[in-house]
>>> print(open('model.pdb').read())   # PDB, C-alpha atoms and all ligand atoms
ATOM      1  CA  MET G  20       8.069   2.396  41.298  1.00  0.00           C
ATOM      2  CA  LYS G  21       9.256   5.068  38.947  1.00  0.00           C
ATOM      3  CA  ARG G  22      10.389   7.198  41.863  1.00  0.00           C
ATOM      4  CA  LEU G  23      12.342   4.306  43.332  1.00  0.00           C
ATOM      5  CA  LYS G  24      14.171   3.673  40.087  1.00  0.00           C
ATOM      6  CA  ARG G  25      15.336   7.239  39.840  1.00  0.00           C
ATOM      7  CA  ASN G  26      16.516   7.105  43.426  1.00  0.00           C
ATOM      8  CA  GLN G  27      18.537   4.002  42.830  1.00  0.00           C
ATOM      9  CA  LEU G  28      20.116   5.817  39.936  1.00  0.00           C
ATOM     10  CA  PHE G  29      20.852   8.708  42.250  1.00  0.00           C
ATOM     11  CA  PHE G  30      22.491   6.415  44.759  1.00  0.00           C
ATOM     12  CA  GLY G  31      24.619   4.892  42.020  1.00  0.00           C
ATOM     13  CA  THR G  32      25.604   8.336  40.816  1.00  0.00           C
ATOM     14  CA  LEU G  33      26.681   9.279  44.320  1.00  0.00           C
ATOM     15  CA  LEU G  34      28.823   6.173  44.543  1.00  0.00           C
ATOM     16  CA  MET G  35      30.379   7.079  41.225  1.00  0.00           C
ATOM     17  CA  MET G  36      30.971  10.619  42.474  1.00  0.00           C
ATOM     18  CA  THR G  37      32.770   9.203  45.480  1.00  0.00           C
ATOM     19  CA  PHE G  38      35.025   7.316  43.148  1.00  0.00           C
ATOM     20  CA  LEU G  39      35.652  10.335  40.942  1.00  0.00           C
ATOM     21  CA  LEU G  40      36.254  12.703  43.830  1.00  0.00           C
ATOM     22  CA  GLY G  41      38.465  10.209  45.578  1.00  0.00           C
ATOM     23  CA  THR G  42      40.728   9.581  42.624  1.00  0.00           C
ATOM     24  CA  ALA G  43      40.616  12.067  39.783  1.00  0.00           C
ATOM     25  CA  VAL G  44      40.443  15.354  41.626  1.00  0.00           C
ATOM     26  CA  PRO G  45      43.597  15.156  43.755  1.00  0.00           C
ATOM     27  CA  ALA G  46      45.592  14.184  40.679  1.00  0.00           C
ATOM     28  CA  LEU G  47      44.359  17.298  38.878  1.00  0.00           C
ATOM     29  CA  ALA G  48      44.666  19.635  41.840  1.00  0.00           C
ATOM     30  CA  GLY G  49      48.097  20.885  40.833  1.00  0.00           C
ATOM     31  CA  GLN G  50      46.844  21.957  37.414  1.00  0.00           C
ATOM     32  CA  THR G  51      43.597  23.639  38.340  1.00  0.00           C
ATOM     33  CA  PRO G  52      43.528  27.421  38.726  1.00  0.00           C
ATOM     34  CA  GLY G  53      41.538  27.402  41.978  1.00  0.00           C
ATOM     35  CA  VAL G  54      39.145  25.610  44.276  1.00  0.00           C
ATOM     36  CA  LEU G  55      35.381  25.415  44.706  1.00  0.00           C
ATOM     37  CA  ASP G  56      35.370  25.670  48.502  1.00  0.00           C
ATOM     38  CA  CYS G  57      31.766  25.251  49.521  1.00  0.00           C
ATOM     39  CA  VAL G  58      28.044  25.326  48.806  1.00  0.00           C
ATOM     40  CA  GLU G  59      26.377  26.808  51.885  1.00  0.00           C
ATOM     41  CA  GLY G  60      22.726  27.561  51.389  1.00  0.00           C
ATOM     42  CA  ASP G  61      22.437  29.671  48.232  1.00  0.00           C
ATOM     43  CA  SER G  62      26.059  30.767  48.407  1.00  0.00           C
ATOM     44  CA  VAL G  63      28.685  29.019  46.268  1.00  0.00           C
ATOM     45  CA  ARG G  64      32.202  30.189  47.120  1.00  0.00           C
ATOM     46  CA  GLY G  65      35.768  29.527  46.107  1.00  0.00           C
ATOM     47  CA  TRP G  66      38.766  31.157  44.550  1.00  0.00           C
ATOM     48  CA  ALA G  67      40.473  31.237  41.164  1.00  0.00           C
ATOM     49  CA  TRP G  68      43.395  33.001  39.561  1.00  0.00           C
ATOM     50  CA  ASN G  69      45.622  33.077  36.512  1.00  0.00           C
ATOM     51  CA  SER G  70      49.075  32.423  37.966  1.00  0.00           C
ATOM     52  CA  SER G  71      50.790  33.985  34.935  1.00  0.00           C
ATOM     53  CA  ASP G  72      48.776  37.215  35.344  1.00  0.00           C
ATOM     54  CA  PRO G  73      48.258  37.499  39.125  1.00  0.00           C
ATOM     55  CA  ALA G  74      47.303  41.199  39.030  1.00  0.00           C
ATOM     56  CA  SER G  75      44.138  40.571  36.985  1.00  0.00           C
ATOM     57  CA  ALA G  76      40.888  38.982  38.135  1.00  0.00           C
ATOM     58  CA  VAL G  77      39.605  36.003  36.177  1.00  0.00           C
ATOM     59  CA  GLU G  78      35.932  35.340  35.502  1.00  0.00           C
ATOM     60  CA  VAL G  79      34.518  32.211  37.096  1.00  0.00           C
ATOM     61  CA  LYS G  80      31.659  30.201  35.634  1.00  0.00           C
ATOM     62  CA  VAL G  81      29.644  27.979  37.970  1.00  0.00           C
ATOM     63  CA  THR G  82      27.500  25.248  36.415  1.00  0.00           C
ATOM     64  CA  VAL G  83      24.668  23.335  38.083  1.00  0.00           C
ATOM     65  CA  THR G  84      23.975  19.898  36.584  1.00  0.00           C
ATOM     66  CA  ASN G  85      21.002  17.693  37.457  1.00  0.00           C
ATOM     67  CA  GLN G  86      22.561  14.365  38.425  1.00  0.00           C
ATOM     68  CA  ALA G  87      19.480  12.366  37.449  1.00  0.00           C
ATOM     69  CA  THR G  88      19.276  13.728  33.881  1.00  0.00           C
ATOM     70  CA  GLY G  89      22.857  14.855  33.304  1.00  0.00           C
ATOM     71  CA  GLN G  90      21.444  18.145  32.078  1.00  0.00           C
ATOM     72  CA  THR G  91      23.122  21.452  32.916  1.00  0.00           C
ATOM     73  CA  GLU G  92      20.327  23.498  34.505  1.00  0.00           C
ATOM     74  CA  ALA G  93      22.051  26.862  34.808  1.00  0.00           C
ATOM     75  CA  GLU G  94      25.326  28.743  34.587  1.00  0.00           C
ATOM     76  CA  TYR G  95      26.355  31.641  36.779  1.00  0.00           C
ATOM     77  CA  THR G  96      29.372  33.913  36.369  1.00  0.00           C
ATOM     78  CA  ALA G  97      31.241  36.166  38.777  1.00  0.00           C
ATOM     79  CA  PRO G  98      34.613  37.891  38.861  1.00  0.00           C
ATOM     80  CA  ALA G  99      37.107  36.274  41.242  1.00  0.00           C
ATOM     81  CA  ASP G 100      38.331  39.472  42.906  1.00  0.00           C
ATOM     82  CA  ASP G 101      37.387  39.263  46.618  1.00  0.00           C
ATOM     83  CA  TYR G 102      40.257  39.575  49.069  1.00  0.00           C
ATOM     84  CA  ARG G 103      41.120  36.304  50.848  1.00  0.00           C
ATOM     85  CA  GLU G 104      43.523  36.453  53.765  1.00  0.00           C
ATOM     86  CA  ASP G 105      44.066  32.665  53.674  1.00  0.00           C
ATOM     87  CA  LEU G 106      45.372  32.879  50.099  1.00  0.00           C
ATOM     88  CA  VAL G 107      47.888  35.545  51.081  1.00  0.00           C
ATOM     89  CA  ARG G 108      49.081  33.348  53.948  1.00  0.00           C
ATOM     90  CA  LYS G 109      49.577  30.479  51.485  1.00  0.00           C
ATOM     91  CA  GLY G 110      51.586  32.808  49.230  1.00  0.00           C
ATOM     92  CA  THR G 111      48.996  32.956  46.440  1.00  0.00           C
ATOM     93  CA  GLY G 112      49.681  36.349  44.808  1.00  0.00           C
ATOM     94  CA  THR G 113      47.738  39.343  46.125  1.00  0.00           C
ATOM     95  CA  GLY G 114      44.960  37.161  47.562  1.00  0.00           C
ATOM     96  CA  ASN G 115      42.305  39.044  45.561  1.00  0.00           C
ATOM     97  CA  TYR G 116      40.893  35.893  44.009  1.00  0.00           C
ATOM     98  CA  GLY G 117      37.781  34.959  45.982  1.00  0.00           C
ATOM     99  CA  PHE G 118      34.399  34.599  44.310  1.00  0.00           C
ATOM    100  CA  GLU G 119      30.791  34.027  45.305  1.00  0.00           C
ATOM    101  CA  VAL G 120      27.762  33.237  43.176  1.00  0.00           C
ATOM    102  CA  ILE G 121      24.212  32.944  44.450  1.00  0.00           C
ATOM    103  CA  VAL G 122      22.243  29.881  43.304  1.00  0.00           C
ATOM    104  CA  PRO G 123      18.502  30.233  44.078  1.00  0.00           C
ATOM    105  CA  TRP G 124      17.935  26.614  45.072  1.00  0.00           C
ATOM    106  CA  GLU G 125      14.245  27.289  45.902  1.00  0.00           C
ATOM    107  CA  SER G 126      13.650  27.616  42.144  1.00  0.00           C
ATOM    108  CA  TYR G 127      15.055  24.112  41.530  1.00  0.00           C
ATOM    109  CA  GLU G 128      13.064  20.884  41.548  1.00  0.00           C
ATOM    110  CA  ASP G 129      13.856  18.289  44.202  1.00  0.00           C
ATOM    111  CA  GLY G 130      16.924  16.346  43.234  1.00  0.00           C
ATOM    112  CA  SER G 131      20.657  16.052  43.443  1.00  0.00           C
ATOM    113  CA  TYR G 132      22.834  18.581  41.648  1.00  0.00           C
ATOM    114  CA  LEU G 133      26.501  18.617  40.734  1.00  0.00           C
ATOM    115  CA  VAL G 134      28.052  22.060  41.217  1.00  0.00           C
ATOM    116  CA  GLU G 135      31.223  22.734  39.240  1.00  0.00           C
ATOM    117  CA  ALA G 136      33.258  25.860  38.614  1.00  0.00           C
ATOM    118  CA  TYR G 137      35.523  26.859  35.757  1.00  0.00           C
ATOM    119  CA  ALA G 138      38.083  29.582  35.122  1.00  0.00           C
ATOM    120  CA  SER G 139      40.100  30.124  31.951  1.00  0.00           C
ATOM    121  CA  GLY G 140      38.423  27.038  30.488  1.00  0.00           C
ATOM    122  CA  MET G 141      39.732  24.786  33.261  1.00  0.00           C
ATOM    123  CA  LYS G 142      37.724  23.136  35.989  1.00  0.00           C
ATOM    124  CA  LEU G 143      38.380  24.200  39.578  1.00  0.00           C
ATOM    125  CA  SER G 144      39.086  21.368  41.995  1.00  0.00           C
ATOM    126  CA  SER G 145      36.591  20.021  44.563  1.00  0.00           C
ATOM    127  CA  PRO G 146      33.255  19.990  42.698  1.00  0.00           C
ATOM    128  CA  LYS G 147      30.334  19.664  45.092  1.00  0.00           C
ATOM    129  CA  VAL G 148      27.043  17.797  45.239  1.00  0.00           C
ATOM    130  CA  HIS G 149      24.026  19.692  46.541  1.00  0.00           C
ATOM    131  CA  SER G 150      20.587  18.230  47.190  1.00  0.00           C
ATOM    132  CA  VAL G 151      17.257  20.014  47.009  1.00  0.00           C
ATOM    133  CA  GLY G 152      14.290  18.616  48.918  1.00  0.00           C
ATOM    134  CA  ASP G 153      13.940  15.093  50.234  1.00  0.00           C
ATOM    135  CA  MET G 154      15.360  12.165  48.314  1.00  0.00           C
ATOM    136  CA  GLN G 155      15.144   8.465  48.880  1.00  0.00           C
ATOM    137  CA  VAL G 156      17.901   5.898  48.911  1.00  0.00           C
ATOM    138  CA  MET G 157      17.985   2.136  49.178  1.00  0.00           C
ATOM    139  CA  SER G 158      19.833   0.991  52.268  1.00  0.00           C
ATOM    140  CA  SER G 159      22.038  -2.092  52.198  1.00  0.00           C
ATOM    141  CA  ASP G 160      19.298  -4.015  54.031  1.00  0.00           C
ATOM    142  CA  GLY G 161      16.919  -3.258  51.139  1.00  0.00           C
ATOM    143  CA  SER G 162      14.763  -0.736  52.999  1.00  0.00           C
ATOM    144  CA  ALA G 163      14.132   2.695  51.560  1.00  0.00           C
ATOM    145  CA  GLY G 164      15.105   5.803  53.497  1.00  0.00           C
ATOM    146  CA  THR G 165      14.568   9.519  53.013  1.00  0.00           C
ATOM    147  CA  LEU G 166      17.619  11.746  52.919  1.00  0.00           C
ATOM    148  CA  ARG G 167      17.745  15.078  54.692  1.00  0.00           C
ATOM    149  CA  SER G 168      20.843  17.213  54.289  1.00  0.00           C
ATOM    150  CA  LEU G 169      22.423  18.321  57.567  1.00  0.00           C
ATOM    151  CA  GLY G 170      24.840  20.576  55.692  1.00  0.00           C
ATOM    152  CA  VAL G 171      28.532  20.466  54.948  1.00  0.00           C
ATOM    153  CA  PHE G 172      30.590  18.969  57.786  1.00  0.00           C
ATOM    154  CA  LYS G 173      34.288  18.606  58.452  1.00  0.00           C
ATOM    155  CA  THR G 174      35.135  14.915  57.986  1.00  0.00           C
ATOM    156  CA  THR G 175      38.193  13.120  59.317  1.00  0.00           C
ATOM    157  CA  GLY G 176      39.179   9.488  59.936  1.00  0.00           C
ATOM    158  CA  TYR G 177      40.283   7.336  62.851  1.00  0.00           C
ATOM    159  CA  CYS G 178      41.338   3.716  63.389  1.00  0.00           C
ATOM    160  CA  PRO G 179      41.832   1.224  66.259  1.00  0.00           C
ATOM    161  CA  CYS G 180      45.448   2.337  66.829  1.00  0.00           C
ATOM    162  CA  SER G 181      46.234   3.708  70.268  1.00  0.00           C
ATOM    163  CA  ALA G 182      46.856   7.219  68.944  1.00  0.00           C
ATOM    164  CA  CYS G 183      43.510   7.437  67.115  1.00  0.00           C
ATOM    165  CA  SER G 184      41.299   5.542  69.559  1.00  0.00           C
ATOM    166  CA  GLU G 185      42.875   6.827  72.785  1.00  0.00           C
ATOM    167  CA  GLY G 186      43.452   3.180  73.749  1.00  0.00           C
ATOM    168  CA  TRP G 187      39.855   2.047  73.146  1.00  0.00           C
ATOM    169  CA  GLY G 188      40.634   0.051  69.981  1.00  0.00           C
ATOM    170  CA  ARG G 189      37.352  -0.973  68.361  1.00  0.00           C
ATOM    171  CA  HIS G 190      35.329  -0.352  71.513  1.00  0.00           C
ATOM    172  CA  THR G 191      32.991   2.575  70.924  1.00  0.00           C
ATOM    173  CA  SER G 192      31.371   4.821  73.503  1.00  0.00           C
ATOM    174  CA  THR G 193      27.986   3.171  72.849  1.00  0.00           C
ATOM    175  CA  GLY G 194      29.378  -0.344  73.412  1.00  0.00           C
ATOM    176  CA  ALA G 195      29.225  -1.312  69.740  1.00  0.00           C
ATOM    177  CA  ILE G 196      32.331  -2.788  68.130  1.00  0.00           C
ATOM    178  CA  ALA G 197      33.511  -0.402  65.439  1.00  0.00           C
ATOM    179  CA  SER G 198      33.660  -1.572  61.821  1.00  0.00           C
ATOM    180  CA  ALA G 199      34.715   0.121  58.602  1.00  0.00           C
ATOM    181  CA  ASN G 200      32.030   1.511  56.248  1.00  0.00           C
ATOM    182  CA  HIS G 201      29.658   1.462  59.205  1.00  0.00           C
ATOM    183  CA  THR G 202      30.927   3.307  62.281  1.00  0.00           C
ATOM    184  CA  ILE G 203      31.256   7.063  62.632  1.00  0.00           C
ATOM    185  CA  ALA G 204      32.034   9.180  65.672  1.00  0.00           C
ATOM    186  CA  VAL G 205      29.923  12.295  66.100  1.00  0.00           C
ATOM    187  CA  ASP G 206      29.117  15.080  68.501  1.00  0.00           C
ATOM    188  CA  PRO G 207      25.903  13.559  69.950  1.00  0.00           C
ATOM    189  CA  ARG G 208      24.499  17.056  70.540  1.00  0.00           C
ATOM    190  CA  VAL G 209      24.526  17.547  66.740  1.00  0.00           C
ATOM    191  CA  ILE G 210      23.874  13.975  65.516  1.00  0.00           C
ATOM    192  CA  PRO G 211      22.134  11.681  68.046  1.00  0.00           C
ATOM    193  CA  TYR G 212      23.566   8.204  68.628  1.00  0.00           C
ATOM    194  CA  GLY G 213      21.935   5.589  66.424  1.00  0.00           C
ATOM    195  CA  SER G 214      21.345   8.001  63.530  1.00  0.00           C
ATOM    196  CA  ARG G 215      21.970   6.610  60.074  1.00  0.00           C
ATOM    197  CA  ILE G 216      24.144   9.078  58.196  1.00  0.00           C
ATOM    198  CA  MET G 217      25.052   9.057  54.500  1.00  0.00           C
ATOM    199  CA  ILE G 218      28.371  10.548  53.418  1.00  0.00           C
ATOM    200  CA  ASN G 219      29.498  10.253  49.789  1.00  0.00           C
ATOM    201  CA  GLY G 220      27.089   7.397  49.124  1.00  0.00           C
ATOM    202  CA  VAL G 221      27.995   5.260  52.162  1.00  0.00           C
ATOM    203  CA  ILE G 222      25.438   4.871  54.968  1.00  0.00           C
ATOM    204  CA  TYR G 223      27.052   4.875  58.411  1.00  0.00           C
ATOM    205  CA  THR G 224      25.703   4.584  61.951  1.00  0.00           C
ATOM    206  CA  ALA G 225      26.538   7.205  64.595  1.00  0.00           C
ATOM    207  CA  GLU G 226      27.791   5.048  67.451  1.00  0.00           C
ATOM    208  CA  ASP G 227      30.944   6.647  68.807  1.00  0.00           C
ATOM    209  CA  ARG G 228      32.260   9.968  69.989  1.00  0.00           C
ATOM    210  CA  GLY G 229      35.687  11.529  70.375  1.00  0.00           C
ATOM    211  CA  GLY G 230      37.281  14.273  72.421  1.00  0.00           C
ATOM    212  CA  ALA G 231      38.112  16.220  69.284  1.00  0.00           C
ATOM    213  CA  VAL G 232      34.777  15.615  67.525  1.00  0.00           C
ATOM    214  CA  LYS G 233      32.763  18.746  68.254  1.00  0.00           C
ATOM    215  CA  GLY G 234      29.943  20.428  66.361  1.00  0.00           C
ATOM    216  CA  ASN G 235      29.646  19.880  62.598  1.00  0.00           C
ATOM    217  CA  HIS G 236      32.384  17.250  62.471  1.00  0.00           C
ATOM    218  CA  VAL G 237      32.168  13.539  61.645  1.00  0.00           C
ATOM    219  CA  ASP G 238      35.048  11.134  62.345  1.00  0.00           C
ATOM    220  CA  ILE G 239      34.881   8.084  60.047  1.00  0.00           C
ATOM    221  CA  PHE G 240      36.193   4.722  61.275  1.00  0.00           C
ATOM    222  CA  PHE G 241      38.802   2.932  59.137  1.00  0.00           C
ATOM    223  CA  ASN G 242      40.490  -0.426  59.751  1.00  0.00           C
ATOM    224  CA  THR G 243      44.032   0.873  59.334  1.00  0.00           C
ATOM    225  CA  HIS G 244      45.988   3.983  60.186  1.00  0.00           C
ATOM    226  CA  GLY G 245      47.212   4.140  56.577  1.00  0.00           C
ATOM    227  CA  GLU G 246      43.636   4.607  55.336  1.00  0.00           C
ATOM    228  CA  THR G 247      43.035   7.137  58.083  1.00  0.00           C
ATOM    229  CA  ARG G 248      46.048   9.188  57.043  1.00  0.00           C
ATOM    230  CA  ALA G 249      45.154   8.922  53.363  1.00  0.00           C
ATOM    231  CA  TYR G 250      41.687  10.260  54.159  1.00  0.00           C
ATOM    232  CA  GLY G 251      43.089  13.305  55.969  1.00  0.00           C
ATOM    233  CA  THR G 252      40.679  16.165  56.597  1.00  0.00           C
ATOM    234  CA  ARG G 253      37.899  16.823  54.104  1.00  0.00           C
ATOM    235  CA  SER G 254      34.531  18.475  53.929  1.00  0.00           C
ATOM    236  CA  ALA G 255      31.429  16.654  52.769  1.00  0.00           C
ATOM    237  CA  GLU G 256      27.678  17.100  52.714  1.00  0.00           C
ATOM    238  CA  VAL G 257      26.170  14.942  55.439  1.00  0.00           C
ATOM    239  CA  PHE G 258      22.692  13.413  55.079  1.00  0.00           C
ATOM    240  CA  LEU G 259      20.430  11.988  57.732  1.00  0.00           C
ATOM    241  CA  VAL G 260      18.717   8.806  56.486  1.00  0.00           C
ATOM    242  CA  GLN G 261      15.219   8.673  57.957  1.00  0.00           C
TER
HETATM  243 ZN    ZN P   1      45.165   5.373  63.797  1.00  0.00          ZN
END
>>> encode(input="model.pdb", output="structure tokens")
Amino acid sequence: MKRLKRNQLFFGTLLMMTFLLGTAVPALAGQTPGVLDCVEGDSVRGWAWNSSDPASAVEVKVTVTNQATGQTEAEYTAPADDYREDLVRKGTGTGNYGFEVIVPWESYEDGSYLVEAYASGMKLSSPKVHSVGDMQVMSSDGSAGTLRSLGVFKTTGYCPCSACSEGWGRHTSTGAIASANHTIAVDPRVIPYGSRIMINGVIYTAEDRGGAVKGNHVDIFFNTHGETRAYGTRSAEVFLVQ
């Protein structure tokens, strides 16, 4: 029972994270000195700069916080001085602002961890959640499921409009009628049809596909095109619920 309680807490924390990421971060994006781009395996990468001193490299601090206890488990620092072509293309100074820190996840206990980065005392945008080991969640039908991370995927949205659905409306490729907070389109070679998939605390079912949905990409169904546009293109850790 103790295990279950902690997992419910975890699920609640994820829901809260969804709320925080969905609202607070975009509002702050203009003020932050960089972005935490990704957590891929042990590698945590992003970029940071001091716009008033673009010739100098800033030091980045990455913190790893246990979401169950709220305790900061470790801090890692690295200079943000790697060349990034994409930053140059966006007109961000010399582009020498990339950073990477290595987080040895195998030394961490199973759990869910919040990864945040700071430069010049300010938080970089797009904090990430990383899970270690298997975790359990309560599904909406009350059954427990084990989570297995499939990694960080590109996530986009679609709706029943003719442009998004290619004229299919709510009719999915599996015959199911699409509904919000439930239906996702996947590449069935990567995520088999019928899989239950958790993204940012919501458990979806893989029951559709799309011409543009290839590889590590999930297309999330929304009721309206406005919600679809507001969602845009994001990246999120995708979990298989078993
Ligand atoms: Zn649409």
>>> residues_around(input="model.pdb", residues="G:Asp105", least_positions_apart="5", cutoff="10 Å", atoms="all atoms listed in the file", output="MDAnalysis selection string")
chainID G and resid 110:111 114
>>> resolve_selection(input="model.pdb", expression="the PyMOL selection byres (((chain G and resi 216-230) around 6) and not hetatm)", output="list of chain:residue names")
G:Leu33, G:Leu34, G:Thr37, G:Thr191, G:Ser192, G:Thr193, G:His201, G:Thr202, G:Ile203, G:Ala204, G:Val205, G:Tyr212, G:Gly213, G:Ser214, G:Arg215, G:Ala231, G:Val232, G:Val257, G:Phe258, G:Leu259, G:Val260
>>> resolve_selection(input="model.pdb", expression="the PyMOL selection byres (((not hetatm)) within 8 of (chain P and resi 1))", output="PDB file with C-alpha atoms, in the coordinates of the input")
ATOM      1  CA  TYR G 177      40.283   7.336  62.851  1.00  0.00           C
ATOM      2  CA  CYS G 178      41.338   3.716  63.389  1.00  0.00           C
ATOM      3  CA  PRO G 179      41.832   1.224  66.259  1.00  0.00           C
ATOM      4  CA  CYS G 180      45.448   2.337  66.829  1.00  0.00           C
ATOM      5  CA  SER G 181      46.234   3.708  70.268  1.00  0.00           C
ATOM      6  CA  ALA G 182      46.856   7.219  68.944  1.00  0.00           C
ATOM      7  CA  CYS G 183      43.510   7.437  67.115  1.00  0.00           C
ATOM      8  CA  SER G 184      41.299   5.542  69.559  1.00  0.00           C
ATOM      9  CA  THR G 243      44.032   0.873  59.334  1.00  0.00           C
ATOM     10  CA  HIS G 244      45.988   3.983  60.186  1.00  0.00           C
ATOM     11  CA  GLY G 245      47.212   4.140  56.577  1.00  0.00           C
ATOM     12  CA  THR G 247      43.035   7.137  58.083  1.00  0.00           C
ATOM     13  CA  ARG G 248      46.048   9.188  57.043  1.00  0.00           C
TER      14      ARG G 248
END
>>> closest_residue(input="model.pdb", among="G:Leu166, G:Ala197, G:Leu55, G:Leu106", to="G:Lys142", atoms="all atoms listed in the file")
G:Leu55
>>> closest_residue(input="model.pdb", among="G:Glu104, G:Glu125, G:Glu135, G:Glu94", to="G:Asp61", atoms="all atoms listed in the file")
G:Glu125
>>> closest_residue(input="model.pdb", among="G:Gly170, G:Pro207, G:Gly234, G:Gly176", to="G:Glu59", atoms="only C-alpha atoms")
G:Gly170
>>> resolve_selection(input="model.pdb", expression="the PyMOL selection byres (((chain G and resi 83) around 12) and not hetatm)", output="number ranges by chain")
G: 58, 63, 80-82, 84-86, 88-96, 120-124, 127, 130-137, 146-150
>>> residues_around(input="model.pdb", residues="G:Thr165", least_positions_apart="5", cutoff="8 Å", atoms="only C-alpha atoms", output="compact mmCIF listing (two decimals) with C-alpha atoms, in the frame of the given file")
# COMPACT_ATOMS: atom_id res chain seq x y z
CA ASP G 153 13.94 15.09 50.23
CA MET G 154 15.36 12.16 48.31
CA GLN G 155 15.14 8.46 48.88
CA VAL G 156 17.90 5.90 48.91
CA LEU G 259 20.43 11.99 57.73
CA VAL G 260 18.72 8.81 56.49
CA GLN G 261 15.22 8.67 57.96
>>> residues_around(input="model.pdb", residues="G:Tyr102", least_positions_apart="6", cutoff="10 Å", atoms="all atoms listed in the file", output="PyMOL selection string")
chain G and resi 66+113-118
>>> write_last_selection(input="model.pdb", atoms="C-alpha atoms", output="PDB file, in the frame of the given file")
ATOM      1  CA  TRP G  66      38.766  31.157  44.550  1.00  0.00           C
ATOM      2  CA  THR G 113      47.738  39.343  46.125  1.00  0.00           C
ATOM      3  CA  GLY G 114      44.960  37.161  47.562  1.00  0.00           C
ATOM      4  CA  ASN G 115      42.305  39.044  45.561  1.00  0.00           C
ATOM      5  CA  TYR G 116      40.893  35.893  44.009  1.00  0.00           C
ATOM      6  CA  GLY G 117      37.781  34.959  45.982  1.00  0.00           C
ATOM      7  CA  PHE G 118      34.399  34.599  44.310  1.00  0.00           C
TER       8      PHE G 118
END
>>> atom_distance(input="model.pdb", atom1="atom CA of G:His236", atom2="atom CA of G:Thr174")
5.8 Å
